[in-house]
Amino acid sequence: MYLSYSIILILIIIGFSYVAAGLLGCRVLLGIIVPYAAGTIFVVGFVYRVILWARSPVPFHIPAVCGQQISLPWIKSDKIESPHTSWGVVSRMVLEVLLFRSLFRNDRVDINKPERLIYGGNRWLWLGAMIFHWSLLVILLRHLRFFIEPAPGCIEVLQSIDGFFQWPLPALYVTNIFIFLALLYLFGRRLFNPQVRHLSLLSDYFALLLIGSIASTGILMRHFYKVDLMQIKRFSLGILSFDPVTPEGIGTIFYVHLFLVSVLFAYFPFSKLMHMGGVLLSPTRNLMNNSRMKRHINPWDYPVKVHTYEEYEDEFRAAMKEVGLPIEKE
Amino acid sequence: MFDKGKIITGIVIFFIILFIPLWYNAVTGKAGYVPELKTGTDEKECVEKTPYMREKHTELLTRWKEAVVRDGERTYRASNGKTYAMSLTKTCMGCHANKEQFCDRCHNYTSVKPYCWDCHNVPKVARK
């Protein structure tokens with residue numbers, strides 16, 4: 001159900017941009033108004049979401065660790081998996097962000113034939129996620145050649161490494177193949193793994209399909225429906241310097257690509273894609289495991305009104321004596 | 001808001017990185033830069049129509065290369081019926097003799113590094 005909804009949504013988005021740009025020629029709308037609106041929604045929405053998270057109190061000290069906590073000097077502690085210093089937290093976070101350390105621990109539980117429970121590592125999701133995210137980063141960096149003038153040497157080096165096949169012309173990028181395969185895996189996992197399919201919602205399918213369509217239109221534009229890159233760079237520089245020029249003579253496929261990217265940017269703050277900022281704000285990852293070194297007090301604790309035993313005895317001493325209950329103070 | 005300092009620093013760093021395309025061009029001062037092409041000829045028409053050449057000259061040259069190298073076919077019949085010799089150095093660069101003012105301008109602008117001239121000669125005009 002969710003799957004068909006998300007496919008319909010993507011088809012509507014692609015169809016809309018195709019009709020608007022190709023048949024009706026709304027170039028100003030798709031080329032200028034929509035990208036600016038999407039950019040604004042992205043910036044405002046992103047800041048809003050982060051501030052909303054920062055406003056939520058974290059009353060409990062809840063780092064999720066998987067290493068020996070620091071205690072006695074002769075017990076070796078794990079400085080990264082159970083950090084008690086800021087540097088430990090930073091290195092843990094760097095491993096998490098760059099290498100998806102916690103996803104690497106993803107386990108799979110199976111019941112083996114003679115009724116035995118078997119635990120084993122399941123690294124496929126980690127591998128798929130790594131390939132997807134790193135390819136996406138390289139692709140974004142490569143796109144800088146259309147956004148900045150002059151493009152710095154490091155971008156050109158990246159581009160030549162990525163296109164090391166030197167075939168066909170223009171060269172096929174390795175990351176384009178990688179991101180496509182990784183997306184196919186991540187999507188296929190949601191389709192064919194019954195447990196994951198049961199958990200998948202509209203937003204899960206939609207995000208994958210959206211990024212998949214962006215990648216596909218990009219690849220189509222590079223290898224099949226050629227566009228005039230000169231005009232595109234001129235157009236994107238115009239947009240970025242807030243002096244937009246109406247793009248002329250660029251194929252419809254470019255508008256479809258641009259509209260999909262705009263939708264992605266506008267959708268970003270409202271979606272699970274916010275894990276980009278959220279990973280840094282996860283209390284289970286960004287707190288130190290120092291609860292034995294430092295007392296953490298719930299910030300909204302108020303002085304509780306208590307009635308101690310001594311006060312109780314003072315109140316009922318006479319009655320307690322009368323029935324022969326033992327008392328501490330005569 | 002908790003950890004105000006860290007959160008605001010984080011957001012600022014994120015947007016400085018994200019907005020590289022916004023401030024980079026302002027720093028280099030080339031935001032409105034459009035390369036100016038000197039075709040180097042008075043001819044009104046290229047081998048094919050201009051929009052086609054702009055978008056697909058790579059494809060055309062690849063086809064030429066394959067026709068010449070693999071099939072020994074050396075004449076190209078254009079869509080307007082004229083025939084041309086399939087030669088980068090003689091036909092293309094016969095008109096567009098100045099590589100620096102024609103080929104390189106767009107290629108540099110969009111960071112394209114074609115390897116045509118790894119093998120092919122650049123006509124002498126361009127070497128001045």
# chains A, B, ... in the order shown; residues from 1 in each chain; ligands from 1

$ closest_atom_pairs --of "chain A" --to "chain B" --cutoff "7 Å" --atoms "only C-alpha atoms" --output "Markdown table"
| residue | atom | partner | partner_atom | distance |
| --- | --- | --- | --- | --- |
| A:Ala54 | CA | B:Met1 | CA | 5.5 |
| A:Arg55 | CA | B:Met1 | CA | 4.2 |
| A:Arg145 | CA | B:Thr110 | CA | 6.2 |
| A:Phe146 | CA | B:Thr110 | CA | 6.4 |
| A:Phe147 | CA | B:Pro21 | CA | 5.6 |
| A:Ile148 | CA | B:Pro21 | CA | 5.5 |
| A:Glu149 | CA | B:Lys30 | CA | 6.1 |
| A:Ala151 | CA | B:Ser111 | CA | 6.9 |
| A:Glu156 | CA | B:Ser111 | CA | 6.8 |
| A:Leu169 | CA | B:Thr58 | CA | 7.0 |
| A:Lys226 | CA | B:Glu55 | CA | 5.6 |
| A:Val227 | CA | B:Glu55 | CA | 5.3 |
| A:Asp228 | CA | B:Glu55 | CA | 4.8 |
| A:Leu229 | CA | B:Thr110 | CA | 6.8 |
| A:Met230 | CA | B:Cys106 | CA | 6.6 |
| A:Lys233 | CA | B:Thr110 | CA | 7.0 |
| A:Arg234 | CA | B:Val34 | CA | 6.6 |
| A:Leu237 | CA | B:Ala31 | CA | 5.8 |
| A:Gly238 | CA | B:Gly32 | CA | 6.7 |
| A:Leu240 | CA | B:Leu22 | CA | 5.4 |
| A:Ser241 | CA | B:Ala31 | CA | 6.1 |

$ atom_distance --atom1 "atom CA of Ile179 of chain A" --atom2 "atom CA of Phe132 of chain A"
5.1 Å

$ residues_around --residues "Ser102 of chain A" --least-positions-apart "3" --cutoff "10 Å" --atoms "only C-alpha atoms" --output "PyMOL selection string"
chain A and resi 66+92+95-97+99+105-106+126+285

$ residues_around --residues "Pro123 of chain B" --least-positions-apart "4" --cutoff "12 Å" --atoms "only C-alpha atoms" --output "PyMOL selection string"
chain B and resi 88-100+117+127-128

$ closest_residue --among "B:Leu60, B:Gly5, B:Met86, B:Phe102" --to "Gly72 of chain B" --atoms "only C-alpha atoms"
B:Met86

$ atom_distance --atom1 "atom CA of Thr41 of chain B" --atom2 "atom CA of Cys116 of chain B"
21.3 Å

$ residues_around --residues "segment 5-14 of chain A" --least-positions-apart "4" --cutoff "7 Å" --atoms "only C-alpha atoms" --output "ChimeraX atom specification"
/A:1,18,202,205-206,210,256

$ select_by_dssp --residues "segment 122-286 of chain A" --states "helix (DSSP H, G or I)" --output "ChimeraX atom specification"
/A:124-147,153-162,174-192,194-199,202-223,229-240,252-270,272-281,283-286

$ atom_distance --atom1 "atom CA of Ala38 of chain A" --atom2 "atom CA of Phe265 of chain A"
5.7 Å

$ closest_residue --among "B:Asp42, B:Asp104, B:Ser87, B:Val27" --to "His120 of chain B" --atoms "only C-alpha atoms"
B:Ser87

$ closest_residue --among "A:Ile70, A:Leu258, A:Ala215, A:Val44" --to "Leu29 of chain A" --atoms "only C-alpha atoms"
A:Leu258
